[in-house]
Each structure stands twice: as C-alpha cells, then as structure tokens.
$ cat final12.cif   # mmCIF, C-alpha atoms
data_my_file
#
loop_
_atom_site.label_atom_id
_atom_site.label_comp_id
_atom_site.auth_asym_id
_atom_site.auth_seq_id
_atom_site.Cartn_x
_atom_site.Cartn_y
_atom_site.Cartn_z
CA MET A 1 7.73 -14.70 -7.48
CA ALA A 2 5.64 -11.84 -8.83
CA GLN A 3 2.94 -14.21 -9.99
CA SER A 4 2.79 -15.98 -6.63
CA LEU A 5 2.59 -12.64 -4.80
CA THR A 6 -0.28 -11.49 -7.05
CA SER A 7 -2.17 -14.77 -6.54
CA ARG A 8 -1.82 -14.51 -2.78
CA MET A 9 -3.14 -10.92 -2.95
CA SER A 10 -6.19 -12.08 -4.93
CA ARG A 11 -6.92 -14.84 -2.41
CA LEU A 12 -6.65 -12.36 0.42
CA ALA A 13 -9.06 -9.98 -1.33
CA ILE A 14 -11.61 -12.77 -1.89
CA SER A 15 -11.39 -13.95 1.72
CA THR A 16 -11.73 -10.38 3.00
CA ARG A 17 -14.84 -9.90 0.88
CA ASN A 18 -16.34 -13.11 2.28
CA LEU A 19 -15.56 -11.86 5.77
CA PHE A 20 -18.06 -9.01 5.37
CA THR A 21 -20.88 -11.14 3.95
CA SER A 22 -22.77 -11.39 7.20
CA SER A 23 -22.37 -7.71 8.11
CA SER A 24 -23.25 -6.60 4.55
CA SER A 25 -26.40 -8.74 4.51
CA SER A 26 -27.60 -7.31 7.83
CA ALA A 27 -26.91 -3.77 6.64
CA ALA A 28 -28.74 -4.50 3.37
CA ASN A 29 -31.79 -5.78 5.27
CA THR A 30 -31.81 -2.61 7.35
CA THR A 31 -31.61 -0.48 4.19
CA SER A 32 -34.47 -2.39 2.52
CA ILE A 33 -36.71 -1.99 5.57
CA LEU A 34 -36.01 1.72 5.68
CA SER A 35 -36.69 2.06 1.96
CA LYS A 36 -40.08 0.35 2.28
CA SER A 37 -41.21 2.82 4.92
CA LYS A 38 -43.25 5.69 3.52
CA TYR A 39 -42.04 8.51 5.75
CA THR A 40 -38.40 7.44 6.24
CA PRO A 41 -36.05 10.37 5.61
CA THR A 42 -33.14 10.02 3.19
CA SER A 43 -30.63 10.85 5.93
CA SER A 44 -31.36 7.55 7.72
CA ILE A 45 -30.47 5.55 4.62
CA SER A 46 -27.27 7.55 4.11
CA ILE A 47 -26.30 7.05 7.77
CA SER A 48 -26.80 3.26 7.51
CA LEU A 49 -24.73 3.11 4.31
CA ARG A 50 -22.03 5.21 5.92
CA SER A 51 -21.93 2.92 8.97
CA GLN A 52 -21.61 -0.09 6.66
CA TRP A 53 -18.69 1.57 4.84
CA MET A 54 -17.00 2.46 8.13
CA MET A 55 -17.42 -1.13 9.32
CA GLN A 56 -15.64 -2.42 6.21
CA GLN A 57 -12.83 0.14 6.37
CA HIS A 58 -12.01 -0.28 10.07
CA VAL A 59 -11.56 -4.04 10.07
CA THR A 60 -8.96 -5.09 12.58
CA LEU A 61 -5.89 -7.23 11.99
CA ARG A 62 -7.24 -9.78 14.46
CA SER A 63 -10.32 -10.43 12.33
CA LEU A 64 -8.21 -10.79 9.21
CA SER A 65 -5.87 -13.23 10.94
CA SER A 66 -8.82 -15.49 11.82
CA MET A 67 -9.67 -16.17 8.17
CA PRO A 68 -9.78 -19.77 6.82
CA THR A 69 -6.50 -21.58 6.24
CA GLN A 70 -7.07 -22.06 2.52
CA THR A 71 -6.46 -18.33 2.00
CA ARG A 72 -2.81 -18.85 3.08
CA THR A 73 -2.75 -15.91 5.41
CA ILE A 74 -0.48 -15.69 8.44
CA ASP A 75 -1.70 -15.61 12.03
CA ILE A 76 -0.28 -12.33 13.31
CA ASN A 77 -1.46 -12.83 16.89
CA SER A 78 -0.17 -16.33 17.53
CA SER A 79 2.59 -16.76 20.11
CA SER A 80 3.30 -20.43 19.38
CA SER A 81 6.57 -21.63 17.94
CA THR A 82 4.96 -23.04 14.79
CA ASN A 83 3.35 -19.77 13.68
CA SER A 84 5.33 -16.56 13.33
CA ASP A 85 4.21 -13.31 14.88
CA HIS A 86 3.74 -10.80 12.08
CA GLY A 87 2.62 -7.95 14.31
CA ALA A 88 5.96 -6.10 13.93
CA THR A 89 7.11 -7.30 17.35
CA SER A 90 10.40 -8.74 18.49
CA THR A 91 9.47 -12.38 17.76
CA LEU A 92 9.68 -12.13 13.96
CA SER A 93 13.06 -13.00 12.44
CA PRO A 94 14.66 -10.33 10.19
CA LEU A 95 15.15 -12.98 7.47
CA LEU A 96 11.72 -14.61 8.07
CA ASN A 97 11.45 -18.41 8.12
CA SER A 98 11.31 -19.11 4.40
CA GLN A 99 10.67 -17.42 1.08
CA THR A 100 7.10 -18.71 1.08
CA ASP A 101 6.42 -17.06 4.43
CA ALA A 102 7.94 -13.83 3.08
CA GLU A 103 5.66 -13.86 0.04
CA ASN A 104 2.62 -14.59 2.22
CA PHE A 105 3.56 -11.77 4.54
CA ALA A 106 4.09 -9.35 1.62
CA ALA A 107 0.67 -10.25 0.20
CA PHE A 108 -0.94 -9.82 3.59
CA VAL A 109 0.71 -6.40 4.10
CA HIS A 110 -0.28 -5.18 0.63
CA ALA A 111 -3.88 -6.32 1.11
CA ASN A 112 -4.01 -4.36 4.40
CA ARG A 113 -1.88 -1.40 3.36
CA HIS A 114 -4.48 1.01 4.77
CA GLN A 115 -3.55 -0.26 8.24
CA LYS A 116 -0.76 1.79 9.83
CA VAL A 117 1.79 0.19 12.12
CA LYS A 118 2.47 2.12 15.29
CA PRO A 119 5.91 3.83 15.25
CA PHE A 120 6.98 2.48 18.64
CA LEU A 121 6.72 -1.10 17.30
CA LEU A 122 9.13 -0.32 14.45
CA LYS A 123 11.43 1.51 16.85
CA ARG A 124 11.46 -1.50 19.15
CA ARG A 125 12.47 -3.77 16.29
CA ARG A 126 15.26 -1.44 15.17
CA GLN A 127 16.66 -1.32 18.68
CA ASN A 128 16.97 -5.12 18.73
CA LEU A 129 18.89 -5.29 15.44
CA LYS A 130 22.64 -5.82 15.34
CA THR A 131 24.79 -2.81 14.44
CA TYR A 132 28.45 -2.49 13.50
CA ILE A 133 30.44 0.72 13.79
CA GLY A 134 33.31 1.68 11.52
CA ASN A 135 35.33 4.87 11.28
CA GLU A 136 38.25 6.51 9.54
CA LYS A 137 40.09 9.40 11.17
CA ASN A 138 42.40 12.24 10.13
CA ILE A 139 41.55 12.29 6.44
CA ARG A 140 43.22 15.13 4.58
CA HIS A 141 40.06 16.37 2.92
CA SER A 142 37.40 18.97 3.45
CA PRO A 143 34.62 17.66 5.71
CA TRP A 144 31.94 19.35 3.59
CA ARG A 145 33.15 17.65 0.41
CA MET A 146 33.63 14.35 2.20
CA ASN A 147 30.10 14.52 3.58
CA LEU A 148 28.70 14.65 0.04
CA VAL A 149 30.13 11.20 -0.62
CA CYS A 150 29.01 9.86 2.77
CA GLN A 151 25.44 11.04 2.32
CA PHE A 152 25.46 9.50 -1.15
CA ALA A 153 25.87 6.04 0.43
CA HIS A 154 23.51 6.67 3.35
CA GLY A 155 20.33 4.60 3.38
CA LEU A 156 21.45 2.05 0.77
CA THR A 157 22.16 -1.61 1.25
CA VAL A 158 25.84 -2.54 1.38
CA PRO A 159 25.99 -4.15 -2.12
CA GLU A 160 24.10 -1.20 -3.63
CA ALA A 161 26.32 1.35 -1.83
CA LEU A 162 29.50 -0.33 -3.05
CA LYS A 163 28.11 -0.47 -6.58
CA GLN A 164 27.17 3.22 -6.57
CA LEU A 165 30.49 4.33 -5.07
CA MET A 166 32.33 2.41 -7.79
CA PHE A 167 30.95 4.84 -10.37
CA CYS A 168 31.06 7.96 -8.20
CA GLN A 169 33.39 10.61 -9.66
CA LYS A 170 34.56 11.92 -6.27
CA VAL A 171 38.17 11.65 -5.11
CA LYS A 172 37.39 10.05 -1.75
CA ALA A 173 34.69 7.65 -3.00
CA PRO A 174 37.11 4.66 -2.92
CA LEU A 175 37.99 5.53 0.69
CA VAL A 176 34.34 5.46 1.78
CA ALA A 177 33.86 2.17 -0.09
CA ARG A 178 36.87 0.73 1.71
CA VAL A 179 35.45 1.72 5.12
CA ILE A 180 32.09 0.12 4.25
CA ARG A 181 33.78 -3.08 3.06
CA ARG A 182 35.93 -3.26 6.18
CA THR A 183 32.94 -2.85 8.51
CA ALA A 184 30.97 -5.48 6.56
CA ASN A 185 33.88 -7.90 7.01
CA LEU A 186 33.74 -7.17 10.75
CA ALA A 187 30.07 -8.20 10.79
CA ASP A 188 30.93 -11.43 9.00
CA ILE A 189 33.68 -12.23 11.49
CA ARG A 190 31.61 -11.52 14.59
CA ASP A 191 28.16 -12.89 13.76
CA GLY A 192 28.40 -14.42 10.29
CA ILE A 193 26.18 -11.72 8.77
CA GLN A 194 26.73 -11.26 5.04
CA PRO A 195 26.91 -7.87 3.23
CA SER A 196 23.55 -8.52 1.57
CA GLN A 197 21.97 -8.53 5.05
CA LEU A 198 23.32 -5.08 5.99
CA GLU A 199 22.33 -1.50 5.22
CA VAL A 200 24.09 1.83 5.77
CA ALA A 201 22.18 3.23 8.75
CA GLU A 202 24.57 6.16 9.42
CA CYS A 203 27.33 7.65 7.33
CA PHE A 204 28.51 11.20 7.91
CA THR A 205 31.65 13.30 8.35
CA THR A 206 32.83 15.46 11.24
CA HIS A 207 35.65 17.97 11.59
CA GLY A 208 39.08 16.76 12.54
CA THR A 209 42.05 18.65 13.98
CA HIS A 210 42.78 21.43 11.48
CA LEU A 211 46.30 22.73 10.86
CA LYS A 212 46.89 26.48 10.86
CA ARG A 213 49.03 27.76 8.02
CA LEU A 214 50.24 31.13 6.80
CA LYS A 215 48.28 32.78 4.02
CA ILE A 216 50.24 35.25 1.88
CA MET A 217 48.15 38.15 0.55
CA GLY A 218 48.84 41.23 -1.53
CA ARG A 219 50.44 44.54 -0.46
CA GLY A 220 52.66 42.87 2.09
CA ARG A 221 49.81 41.53 4.16
CA SER A 222 49.43 38.04 5.57
CA GLY A 223 46.67 36.05 7.19
CA LYS A 224 45.95 32.49 8.30
CA LYS A 225 44.33 29.53 6.60
CA LEU A 226 43.30 26.09 7.78
CA ARG A 227 44.29 22.74 6.34
CA ARG A 228 41.06 20.83 6.83
CA PHE A 229 40.92 17.29 8.19
CA SER A 230 37.83 15.12 8.63
CA HIS A 231 36.62 11.95 10.34
CA ILE A 232 34.15 9.40 8.95
CA ARG A 233 31.61 7.64 11.13
CA LEU A 234 29.81 4.64 9.67
CA VAL A 235 27.10 2.45 11.20
CA LEU A 236 25.95 -0.70 9.41
CA ARG A 237 22.70 -2.21 10.62
CA GLU A 238 21.11 -5.54 9.97
CA ILE A 239 18.25 -5.28 7.48
CA ASP A 240 14.83 -5.99 8.96
CA PHE A 241 12.99 -7.28 5.90
CA PRO A 242 9.51 -7.45 7.54
CA THR A 243 9.81 -3.77 8.43
CA LYS A 244 10.90 -2.94 4.88
CA LEU A 245 7.87 -4.77 3.52
CA LEU A 246 5.61 -2.89 5.92
CA GLU A 247 7.07 0.47 4.92
CA SER A 248 6.88 -0.22 1.16
CA THR A 249 4.11 1.80 -0.46
CA SER A 250 3.77 -0.08 -3.76
CA ILE A 251 3.80 -3.69 -4.85
CA ASN A 252 6.92 -3.14 -6.96
CA GLN A 253 8.86 -2.06 -3.89
CA LYS A 254 7.70 -5.19 -2.08
CA ARG A 255 8.88 -7.33 -5.00
CA LYS A 256 12.31 -5.70 -4.88
CA TRP A 257 12.62 -6.36 -1.16
CA LEU A 258 11.52 -9.95 -1.71
CA GLU A 259 14.29 -10.37 -4.30
CA ARG A 260 16.82 -8.86 -1.90
CA LEU A 261 15.56 -11.16 0.84
CA GLN A 262 16.06 -14.20 -1.38
CA ILE A 263 19.62 -13.12 -2.25
CA ALA A 264 20.41 -12.47 1.41
CA ARG A 265 19.10 -15.87 2.45
CA GLU A 266 21.10 -17.64 -0.26
CA ASP A 267 24.27 -15.80 0.78
CA TYR A 268 23.66 -16.61 4.43
CA GLU A 269 23.09 -20.32 3.75
CA LYS A 270 26.16 -20.50 1.52
CA ALA A 271 28.34 -18.83 4.16
CA ARG A 272 26.92 -21.12 6.86
CA VAL A 273 27.74 -24.24 4.83
CA GLU A 274 31.28 -22.99 4.16
CA LYS A 275 31.77 -22.23 7.86
CA GLU A 276 30.59 -25.70 8.86
CA GLU A 277 32.93 -27.32 6.32
CA LEU A 278 35.83 -25.24 7.60
CA GLU A 279 35.08 -26.21 11.20
CA GLU A 280 34.91 -29.86 10.18
CA LEU A 281 38.28 -29.61 8.42
CA GLU A 282 39.82 -27.92 11.44
CA ARG A 283 38.45 -30.64 13.69
CA LEU A 284 39.89 -33.37 11.47
CA ALA A 285 43.24 -31.58 11.32
CA ALA A 286 43.29 -31.32 15.13
CA GLU A 287 42.53 -35.04 15.44
CA VAL A 288 45.34 -35.92 13.01
CA ALA A 289 47.77 -33.69 14.87
CA GLU A 290 46.78 -35.25 18.20
CA LYS A 291 47.18 -38.73 16.76
CA GLN A 292 50.64 -37.90 15.39
CA ARG A 293 51.65 -36.44 18.74
CA LYS A 294 50.61 -39.58 20.59
CA GLU A 295 52.45 -41.80 18.09
CA LYS A 296 55.57 -39.70 18.50
CA GLU A 297 55.35 -39.95 22.29
CA GLU A 298 54.96 -43.73 22.07
CA ASP A 299 57.97 -43.98 19.74
CA ASP A 300 60.06 -41.82 22.10
CA ALA A 301 59.03 -43.96 25.06
CA ALA A 302 59.90 -47.15 23.16
CA ALA A 303 63.30 -45.74 22.14
CA GLU A 304 64.09 -44.76 25.78
CA SER A 305 63.12 -48.22 27.04
CA LYS A 306 65.55 -49.86 24.61
#

$ encode --input "final12.cif" --output "structure tokens"
Amino acid sequence: MAQSLTSRMSRLAISTRNLFTSSSSSAANTTSILSKSKYTPTSSISISLRSQWMMQQHVTLRSLSSMPTQTRTIDINSSSSTNSDHGATSTLSPLLNSQTDAENFAAFVHANRHQKVKPFLLKRRRQNLKTYIGNEKNIRHSPWRMNLVCQFAHGLTVPEALKQLMFCQKVKAPLVARVIRRTANLADIRDGIQPSQLEVAECFTTHGTHLKRLKIMGRGRSGKKLRRFSHIRLVLREIDFPTKLLESTSINQKRKWLERLQIAREDYEKARVEKEELEELERLAAEVAEKQRKEKEEDDAAAESK
C-alpha cells in the first residue's frame, strides 16, 4: 500500500511538471529576450521570474484534474456517476468506492497539499454524516473526575477508544467503554455501520442531581456537603475518510487512514454478507413454516371430511 501510494505521488509530480512546460518555455523566452537587451534593468528579470513562480504555485485543482489518464489522477469536477467527485462535496462516499480510488485520492491530496479546502465544504460534509447519541445518567462519581476519562476517549475511533480505555487506570473507565460499546451496537442495529466506521465526536460529563449531606466539623460545628452525581453524553459519528485524508498533514498519517479505511471496508463487507445470509435463512424458515401450516390445514380438512 505504501509503495503504491508513493508511486502514484511520483506520477502526479511528473504530470504536474509536464503541465507547466508550455508556461515555463514562454517565461524562459521572455527572460532570454530581456537578458539580451543592453539597457534592461535587473528588476524586470526578477519580476518575470517571480510571475513564473507565482503561476506555478497558484495552479488550480481544475487544471490538475484535466491531466492525462495515464497519470491515474481523479477528476474532481466530474458530476457523472462513473467518476467520483473529490472536491469535498456531498457526492463522495465516506468509504470511497474502492481501495484503489482511496490510494489515488490520497496521492492526489498529498501532491496538492498546498491547496487548502474551504471550511464550509468540510462542515457541509460533517452535517450529512450519520450520528448516534448515547448517554448514562445518575452516576455516583465526581463530574470533574469522570470528565477526565471522557476527554481521554474524545476524538479517537471506536476500536482505538475501547483499546485505550482497557488500559486506563481510572475507576469509571469500564463504564465509559460500556457506553461506547452500547452506542456502537445501536449504530449496527439501525444502519449496519460497524465500530471501525465510527469515531467519538463528543464525549463529556455534566452535573447530575447532587445530594445534600451533613458535614461534621470540630468544636461542635456542622456544615453541609454534596454527594456528587454526573451524566455522560456520547456522540458517535460516521468517519468521513476523504476528509481525514484531506486534513492529514504528512504521508504517514495518510497511510494510517488508508489502513483504517481498508479495515473498515472489510468489516462492512463481512457484516453485509452475514446479514444477507441471515435474511436468506429467515426467508427459508418462513417458507418452511408456511408449508407446514398449509399441510396441517389440508390434513385437518381431510380428517373433518372423513
């Protein structure tokens, strides 16, 4: 996977360099003409070189998407059903079409990492993702201490959060892990989304209804103390892998997200096959039950006729 990603990056770099051949040659001719002139100031040459550099740096995504097909780039402006839209809009699937498309997209993003995606596009994609809310109320624990565990799991994927909470030395870490596991099961029941496709978008603690108790102090005095209770709010969100690849700053981060994408796709396909087999078995069982019911009705009718 790493080798294929690197090869795609090299092909993109070569094609991008070929893209500027015409503009570079024209700029070079201009520079040579200015250099042959006897009274041409040095500032004119520096301005032409600077304009050439600015032309190379401010290449648009549309020009890169129109490169030859042998470079294996992805058309980011196509709205057809055969080509995916990689412009961080709502038409790109969170799991992408295949692992090959994911690697091509990662290579394309890394080759154009100087291009910044507008924040409203990412916000639009996050608003279209599926979310699942879980909570746990009236926990006999301090909300400040409970929030330490919740913030520990915030921002991680569901498998990574469960793995980290397994080795967390806090008392309520198993409780937070149980809430995450329960909400992930809810996502599987509703939409068939596996835990490897989810991340912990929100996880925090709020104050519950505290109990007032008597506090005995010295010299015959007394005061009041509170028995703290807390609530947990958890929001699991579907992972948008194209957005994660766009936000990754290094190639190693992109490779990690590609590995997670491959695991998520394998889990999703495995769960889909199991669900189809279960539906087929249920259909066969219903047919057998219906057949037995009809046979029983025919036997009862024959017995009554006799």

$ resolve_selection --input "final12.cif" --expression "the PyMOL selection byres ((chain A and resi 143-146) around 8)" --output "short mmCIF file (atom, residue, chain, number, x, y, z; two decimals) with C-alpha atoms, in the coordinates of the input"
data_model
loop_
_atom_site.label_atom_id
_atom_site.label_comp_id
_atom_site.auth_asym_id
_atom_site.auth_seq_id
_atom_site.Cartn_x
_atom_site.Cartn_y
_atom_site.Cartn_z
CA HIS A 141 40.06 16.37 2.92
CA SER A 142 37.40 18.97 3.45
CA ASN A 147 30.10 14.52 3.58
CA LEU A 148 28.70 14.65 0.04
CA VAL A 149 30.13 11.20 -0.62
CA CYS A 150 29.01 9.86 2.77
CA LYS A 172 37.39 10.05 -1.75
CA THR A 205 31.65 13.30 8.35
CA THR A 206 32.83 15.46 11.24
CA HIS A 207 35.65 17.97 11.59
CA ARG A 228 41.06 20.83 6.83
CA PHE A 229 40.92 17.29 8.19
CA SER A 230 37.83 15.12 8.63
CA HIS A 231 36.62 11.95 10.34
#

$ atom_distance --input "final12.cif" --atom1 "CA of His110 in chain A" --atom2 "CA of Pro242 in chain A"
12.2 Å

$ closest_residue --input "final12.cif" --among "A:Gly192, A:Glu295, A:Phe204, A:Glu103" --to "Val273 in chain A" --atoms "only C-alpha atoms"
A:Gly192

$ residues_near_point --input "final12.cif" --point "(50.1, 21.6, 10.6)" --cutoff "10 Å" --atoms "only C-alpha atoms" --output "PyMOL selection string"
chain A and resi 209-213+226-228

$ residues_around --input "final12.cif" --residues "Gly223 in chain A" --least-positions-apart "6" --cutoff "7 Å" --atoms "only C-alpha atoms" --output "JSON, numbers by chain"
{"A": [214, 215, 216]}

$ resolve_selection --input "final12.cif" --expression "the PyMOL selection byres ((chain A and resi 128-131) around 6)" --output "PyMOL selection string"
chain A and resi 125-127+132+236-238

$ closest_residue --input "final12.cif" --among "A:Gln151, A:Ser222, A:Gln262, A:Ser248" --to "Glu202 in chain A" --atoms "only C-alpha atoms"
A:Gln151

$ closest_residue --input "final12.cif" --among "A:Met166, A:Leu156, A:Ile193, A:Ala161" --to "Arg272 in chain A" --atoms "all atoms listed in the file"
A:Ile193

$ resolve_selection --input "final12.cif" --expression "the PyMOL selection byres ((chain A and resi 135) around 10)" --output "PyMOL selection string"
chain A and resi 133-134+136-137+176+179-180+182-183+203-205+231-235

$ atom_distance --input "final12.cif" --atom1 "CA of Ile239 in chain A" --atom2 "CA of Ala201 in chain A"
9.5 Å

$ atom_distance --input "final12.cif" --atom1 "CA of Arg178 in chain A" --atom2 "CA of Lys163 in chain A"
12.1 Å

$ residues_around --input "final12.cif" --residues "Leu261 in chain A" --least-positions-apart "3" --cutoff "10 Å" --atoms "only C-alpha atoms" --output "ChimeraX atom specification"
/A:94-96,98-99,102,196-197,239-242,255-258,264-267

$ closest_residue --input "final12.cif" --among "A:Leu281, A:Ala107, A:Ala271, A:Ala153" --to "Ala173 in chain A" --atoms "all atoms listed in the file"
A:Ala153

$ closest_residue --input "final12.cif" --among "A:Arg113, A:Arg260, A:Lys225, A:His154" --to "Ala177 in chain A" --atoms "all atoms listed in the file"
A:His154
